[in-house]
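Content type compact mmCIF, N, CA, C and O atoms, from the file target.txt:
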# COMPACT_ATOMS: atom_id res chain seq x y z
N ALA A 1 5.32 41.00 -6.60
CA ALA A 1 5.98 39.73 -6.37
C ALA A 1 6.65 39.72 -5.00
O ALA A 1 6.63 38.70 -4.32
N LEU A 2 7.22 40.84 -4.61
CA LEU A 2 7.88 40.90 -3.31
C LEU A 2 6.86 40.77 -2.18
O LEU A 2 7.13 40.12 -1.17
N THR A 3 5.70 41.38 -2.37
CA THR A 3 4.66 41.29 -1.34
C THR A 3 4.19 39.85 -1.19
O THR A 3 3.97 39.38 -0.07
N GLY A 4 4.06 39.13 -2.30
CA GLY A 4 3.65 37.73 -2.24
C GLY A 4 4.68 36.87 -1.53
O GLY A 4 4.33 35.99 -0.74
N MET A 5 5.95 37.13 -1.80
CA MET A 5 7.01 36.37 -1.13
C MET A 5 7.04 36.68 0.36
O MET A 5 7.27 35.79 1.19
N ALA A 6 6.80 37.94 0.72
CA ALA A 6 6.79 38.32 2.13
C ALA A 6 5.62 37.65 2.85
O ALA A 6 5.78 37.16 3.99
N LEU A 7 4.46 37.60 2.20
CA LEU A 7 3.31 36.92 2.81
C LEU A 7 3.57 35.43 2.95
O LEU A 7 3.19 34.81 3.95
N TYR A 8 4.19 34.84 1.95
CA TYR A 8 4.52 33.43 1.98
C TYR A 8 5.49 33.14 3.14
O TYR A 8 5.31 32.17 3.88
N ALA A 9 6.50 33.96 3.30
CA ALA A 9 7.47 33.79 4.38
C ALA A 9 6.81 34.00 5.74
O ALA A 9 7.07 33.23 6.68
N ALA A 10 5.97 34.99 5.85
CA ALA A 10 5.28 35.26 7.12
C ALA A 10 4.36 34.10 7.49
O ALA A 10 4.30 33.69 8.66
N SER A 11 3.64 33.56 6.51
CA SER A 11 2.74 32.45 6.81
C SER A 11 3.54 31.21 7.21
O SER A 11 3.11 30.43 8.06
N GLY A 12 4.71 31.02 6.63
CA GLY A 12 5.58 29.91 7.02
C GLY A 12 6.06 30.04 8.45
O GLY A 12 6.10 29.07 9.20
N LEU A 13 6.42 31.26 8.85
CA LEU A 13 6.85 31.49 10.23
C LEU A 13 5.71 31.28 11.22
O LEU A 13 5.91 30.71 12.30
N VAL A 14 4.52 31.74 10.85
CA VAL A 14 3.35 31.52 11.72
C VAL A 14 3.07 30.03 11.85
O VAL A 14 2.78 29.54 12.94
N PHE A 15 3.16 29.30 10.74
CA PHE A 15 2.95 27.86 10.78
C PHE A 15 3.93 27.19 11.74
O PHE A 15 3.53 26.37 12.58
N LEU A 16 5.20 27.53 11.64
CA LEU A 16 6.20 26.94 12.53
C LEU A 16 5.97 27.33 13.98
O LEU A 16 6.23 26.54 14.90
N ALA A 17 5.49 28.55 14.20
CA ALA A 17 5.24 29.02 15.57
C ALA A 17 4.03 28.34 16.19
O ALA A 17 3.91 28.28 17.41
N VAL A 18 3.13 27.84 15.37
CA VAL A 18 1.89 27.24 15.87
C VAL A 18 1.97 25.72 15.93
O VAL A 18 1.42 25.10 16.84
N ILE A 19 2.65 25.09 14.99
CA ILE A 19 2.62 23.63 14.88
C ILE A 19 3.28 22.93 16.08
O ILE A 19 2.78 21.91 16.56
N VAL A 20 4.35 23.47 16.60
CA VAL A 20 5.04 22.82 17.73
C VAL A 20 4.20 22.87 19.00
O VAL A 20 3.97 21.82 19.63
N PRO A 21 3.67 24.03 19.42
CA PRO A 21 2.83 24.02 20.62
C PRO A 21 1.53 23.24 20.43
O PRO A 21 1.05 22.59 21.36
N ALA A 22 0.96 23.26 19.22
CA ALA A 22 -0.28 22.52 18.97
C ALA A 22 -0.04 21.02 19.09
O ALA A 22 -0.85 20.29 19.67
N THR A 23 1.08 20.55 18.55
CA THR A 23 1.41 19.13 18.65
C THR A 23 1.67 18.75 20.11
O THR A 23 1.19 17.71 20.58
N SER A 24 2.39 19.59 20.81
CA SER A 24 2.66 19.33 22.22
C SER A 24 1.37 19.25 23.04
O SER A 24 1.21 18.36 23.88
N LEU A 25 0.47 20.17 22.78
CA LEU A 25 -0.81 20.17 23.49
C LEU A 25 -1.63 18.94 23.17
O LEU A 25 -2.24 18.34 24.06
N GLY A 26 -1.64 18.53 21.91
CA GLY A 26 -2.39 17.34 21.52
C GLY A 26 -1.85 16.08 22.16
O GLY A 26 -2.61 15.24 22.65
N VAL A 27 -0.52 15.95 22.17
CA VAL A 27 0.09 14.77 22.78
C VAL A 27 -0.17 14.77 24.29
O VAL A 27 -0.48 13.73 24.88
N ARG A 28 -0.10 15.94 24.91
CA ARG A 28 -0.38 16.02 26.35
C ARG A 28 -1.82 15.62 26.66
O ARG A 28 -2.09 14.93 27.63
N ARG A 29 -2.74 16.04 25.81
CA ARG A 29 -4.15 15.68 26.01
C ARG A 29 -4.35 14.18 25.87
O ARG A 29 -5.11 13.57 26.62
N LEU A 30 -3.67 13.58 24.90
CA LEU A 30 -3.76 12.13 24.75
C LEU A 30 -3.20 11.43 25.99
O LEU A 30 -3.75 10.43 26.46
N HIS A 31 -2.10 11.95 26.53
CA HIS A 31 -1.53 11.37 27.74
C HIS A 31 -2.50 11.49 28.91
O HIS A 31 -2.61 10.58 29.72
N ASP A 32 -3.21 12.61 29.00
CA ASP A 32 -4.18 12.78 30.08
C ASP A 32 -5.30 11.76 29.99
O ASP A 32 -5.88 11.37 31.00
N ALA A 33 -5.62 11.33 28.77
CA ALA A 33 -6.66 10.32 28.57
C ALA A 33 -6.07 8.90 28.61
O ALA A 33 -6.75 7.94 28.25
N ASN A 34 -4.81 8.78 29.01
CA ASN A 34 -4.10 7.50 29.11
C ASN A 34 -3.95 6.83 27.74
O ASN A 34 -4.09 5.63 27.61
N GLN A 35 -3.68 7.63 26.72
CA GLN A 35 -3.39 7.12 25.38
C GLN A 35 -1.94 7.46 25.05
O GLN A 35 -1.38 8.40 25.58
N SER A 36 -1.38 6.73 24.12
CA SER A 36 -0.01 7.01 23.69
C SER A 36 0.02 8.28 22.85
O SER A 36 -0.90 8.56 22.08
N GLY A 37 1.08 9.05 23.00
CA GLY A 37 1.23 10.26 22.21
C GLY A 37 1.39 9.97 20.73
O GLY A 37 1.10 10.81 19.88
N TRP A 38 1.83 8.77 20.39
CA TRP A 38 1.97 8.39 18.99
C TRP A 38 0.63 8.33 18.28
O TRP A 38 0.57 8.35 17.05
N MET A 39 -0.46 8.26 19.05
CA MET A 39 -1.80 8.27 18.45
C MET A 39 -2.05 9.58 17.71
O MET A 39 -2.93 9.66 16.86
N TYR A 40 -1.29 10.61 18.01
CA TYR A 40 -1.44 11.90 17.34
C TYR A 40 -1.18 11.77 15.84
O TYR A 40 -1.67 12.57 15.05
N LEU A 41 -0.42 10.77 15.45
CA LEU A 41 -0.14 10.55 14.03
C LEU A 41 -1.38 10.11 13.25
O LEU A 41 -1.37 10.09 12.03
N LEU A 42 -2.45 9.77 13.97
CA LEU A 42 -3.71 9.45 13.29
C LEU A 42 -4.19 10.63 12.44
O LEU A 42 -4.92 10.44 11.47
N ALA A 43 -3.79 11.81 12.81
CA ALA A 43 -4.20 13.01 12.07
C ALA A 43 -3.71 12.97 10.62
O ALA A 43 -4.26 13.68 9.77
N LEU A 44 -2.73 12.15 10.33
CA LEU A 44 -2.20 12.07 8.98
C LEU A 44 -3.05 11.19 8.06
O LEU A 44 -2.86 11.21 6.85
N ILE A 45 -3.97 10.40 8.62
CA ILE A 45 -4.86 9.56 7.82
C ILE A 45 -6.02 10.43 7.34
O ILE A 45 -6.73 11.02 8.16
N PRO A 46 -6.23 10.52 6.05
CA PRO A 46 -7.30 11.40 5.54
C PRO A 46 -8.68 11.00 6.06
O PRO A 46 -9.00 9.83 6.19
N THR A 47 -9.48 11.97 6.37
CA THR A 47 -10.88 11.88 6.79
C THR A 47 -11.08 11.15 8.11
O THR A 47 -11.58 11.71 9.07
N VAL A 48 -10.71 9.88 8.18
CA VAL A 48 -10.99 9.07 9.37
C VAL A 48 -10.05 9.41 10.51
O VAL A 48 -10.47 9.41 11.67
N GLY A 49 -8.80 9.70 10.22
CA GLY A 49 -7.80 9.96 11.26
C GLY A 49 -8.15 11.11 12.18
O GLY A 49 -8.14 10.94 13.41
N PRO A 50 -8.45 12.30 11.63
CA PRO A 50 -8.80 13.41 12.52
C PRO A 50 -10.05 13.15 13.35
O PRO A 50 -10.14 13.58 14.50
N LEU A 51 -11.00 12.42 12.79
CA LEU A 51 -12.21 12.09 13.56
C LEU A 51 -11.89 11.15 14.71
O LEU A 51 -12.37 11.34 15.84
N ALA A 52 -11.05 10.15 14.45
CA ALA A 52 -10.65 9.23 15.52
C ALA A 52 -9.86 9.98 16.59
O ALA A 52 -10.05 9.76 17.79
N LEU A 53 -9.00 10.88 16.16
CA LEU A 53 -8.21 11.67 17.09
C LEU A 53 -9.11 12.55 17.95
O LEU A 53 -8.90 12.68 19.17
N LEU A 54 -10.14 13.11 17.35
CA LEU A 54 -11.10 13.93 18.10
C LEU A 54 -11.80 13.09 19.17
O LEU A 54 -11.97 13.55 20.31
N VAL A 55 -12.16 11.87 18.83
CA VAL A 55 -12.81 10.99 19.80
C VAL A 55 -11.86 10.67 20.95
O VAL A 55 -12.25 10.71 22.12
N PHE A 56 -10.60 10.34 20.63
CA PHE A 56 -9.64 10.04 21.68
C PHE A 56 -9.38 11.25 22.58
O PHE A 56 -9.25 11.12 23.79
N MET A 57 -9.31 12.43 21.99
CA MET A 57 -9.04 13.63 22.78
C MET A 57 -10.24 14.07 23.61
O MET A 57 -10.09 14.79 24.59
N ALA A 58 -11.44 13.66 23.20
CA ALA A 58 -12.65 14.05 23.93
C ALA A 58 -12.91 13.15 25.13
O ALA A 58 -13.82 13.43 25.91
N GLN A 59 -12.13 12.10 25.29
CA GLN A 59 -12.31 11.20 26.42
C GLN A 59 -11.98 11.93 27.72
O GLN A 59 -11.17 12.85 27.75
N ALA A 60 -12.63 11.49 28.77
CA ALA A 60 -12.37 12.08 30.08
C ALA A 60 -10.94 11.75 30.52
O ALA A 60 -10.36 10.75 30.10
N SER A 61 -10.39 12.62 31.35
CA SER A 61 -9.05 12.37 31.88
C SER A 61 -9.06 11.11 32.72
O SER A 61 -10.03 10.80 33.40
N ASN A 62 -7.97 10.38 32.65
CA ASN A 62 -7.83 9.13 33.36
C ASN A 62 -6.62 9.24 34.28
O ASN A 62 -5.52 9.55 33.81
N PRO A 63 -6.78 8.99 35.58
CA PRO A 63 -5.64 9.11 36.49
C PRO A 63 -4.47 8.20 36.11
O PRO A 63 -3.32 8.50 36.44
N ALA A 64 -4.73 7.11 35.39
CA ALA A 64 -3.65 6.23 34.97
C ALA A 64 -2.73 6.91 33.96
O ALA A 64 -1.61 6.46 33.75
N GLY A 65 -3.17 8.00 33.36
CA GLY A 65 -2.34 8.74 32.42
C GLY A 65 -1.17 9.43 33.08
O GLY A 65 -0.26 9.88 32.40
N ALA A 66 -1.16 9.47 34.40
CA ALA A 66 -0.03 10.08 35.13
C ALA A 66 1.24 9.28 34.93
O ALA A 66 2.33 9.78 35.20
N ARG A 67 1.12 8.05 34.42
CA ARG A 67 2.32 7.24 34.19
C ARG A 67 3.24 7.90 33.18
O ARG A 67 4.44 7.67 33.17
N PHE A 68 2.70 8.74 32.30
CA PHE A 68 3.52 9.44 31.33
C PHE A 68 4.31 10.59 31.96
O PHE A 68 5.30 11.04 31.42
N ASP A 69 3.87 11.05 33.12
CA ASP A 69 4.57 12.13 33.82
C ASP A 69 5.87 11.65 34.46
O ASP A 69 6.77 12.43 34.71
N ASP A 70 5.97 10.37 34.75
CA ASP A 70 7.14 9.83 35.44
C ASP A 70 8.36 9.71 34.56
O ASP A 70 9.45 9.46 35.06
N ALA A 71 8.24 9.90 33.27
CA ALA A 71 9.37 9.71 32.36
C ALA A 71 10.48 10.72 32.62
O ALA A 71 11.64 10.43 32.38
N MET A 72 10.17 11.89 33.13
CA MET A 72 11.17 12.92 33.35
C MET A 72 11.75 12.87 34.77
O MET A 72 12.60 13.67 35.11
N ARG A 73 11.30 11.94 35.58
CA ARG A 73 11.79 11.85 36.95
C ARG A 73 13.21 11.30 36.94
O ARG A 73 13.53 10.36 36.22
N LEU A 74 14.07 11.88 37.75
CA LEU A 74 15.46 11.44 37.84
C LEU A 74 15.55 10.13 38.60
O LEU A 74 14.72 9.84 39.47
N PRO A 75 16.56 9.31 38.31
CA PRO A 75 16.74 8.06 39.05
C PRO A 75 16.95 8.30 40.54
O PRO A 75 17.37 9.37 40.95
N TYR A 76 16.71 7.25 41.32
CA TYR A 76 16.85 7.35 42.77
C TYR A 76 18.27 7.81 43.13
O TYR A 76 19.25 7.31 42.61
N GLY A 77 18.34 8.76 44.04
CA GLY A 77 19.60 9.28 44.48
C GLY A 77 20.02 10.55 43.75
O GLY A 77 20.90 11.26 44.20
N LEU A 78 19.41 10.83 42.63
CA LEU A 78 19.77 12.02 41.86
C LEU A 78 18.71 13.12 41.97
O LEU A 78 18.83 14.15 41.32
N GLU A 79 17.67 12.90 42.78
CA GLU A 79 16.59 13.88 42.89
C GLU A 79 17.07 15.23 43.41
O GLU A 79 16.50 16.26 43.10
N SER A 80 18.13 15.24 44.20
CA SER A 80 18.59 16.48 44.84
C SER A 80 19.44 17.35 43.88
O SER A 80 19.80 18.44 44.22
N LEU A 81 19.78 16.83 42.72
CA LEU A 81 20.63 17.59 41.80
C LEU A 81 19.90 18.72 41.16
O LEU A 81 18.91 18.87 40.77
When written as structure tokens, how does the structure in this file appear?
Amino acid sequence: ALTGMALYAASGLVFLAVIVPATSLGVRRLHDANQSGWMYLLALIPTVGPLALLVFMAQASNPAGARFDDAMRLPYGLESL
């Protein structure tokens, strides 16, 4: 029983260690294709959602997706901080 609980705990830690970077990477890929990161929630729709997400992520990069990079830019005058 202790071995089962240890495996369960270890798999939970691995899941947490993988889900955050995987989600970040998926959202970044959608941004590169000039799609909203909220489209990543399509993965929650059974069967059709992951397929649609795969199609969106397989799109070629679009230079217009750089608009998502500007969100972290500081306001004018604060760039030197």
Excluding Gly26 of chain A and its own-chain neighbours fewer than 4 positions away, which residues fall within 8 Å of it when counting all atoms listed in the file? Please give them as a ChimeraX atom specification. /A:19-22,30-33,35-37,39-40,53,56-57
For atom O of Val55 of chain A and atom C of Ala43 of chain A, determine how far apart the two atoms are, in Å to one decimal place.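 About the pair atom O of Val55 of chain A and atom C of Ala43 of chain A: they are 14.5 Å apart.
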Between atom O of Asn34 of chain A and atom N of Val48 of chain A, what is the distance in Å, rounded to a tenth?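 Between atom O of Asn34 of chain A and atom N of Val48 of chain A the gap works out to 21.0 Å.
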May I ask for the distance between atom CA of Leu16 of chain A and atom CA of Asp69 of chain A, given in Å to one decimal place? 26.0 Å
List every residue of chain A that DSSP, applied to the backbone of this structure, assigns to helix (DSSP H, G or I), and report them as a VMD selection string. chain A and resid 2 to 32 37 to 44 48 to 57 63 to 72
Coordinates of box centre and edge lengths for segment 64-69 of chain A, 8 Å on every side, axis-aligned, as JSON:
{"center_x": 1.0, "center_y": 9.3, "center_z": 33.4, "size_x": 27.5, "size_y": 22.2, "size_z": 20.1}
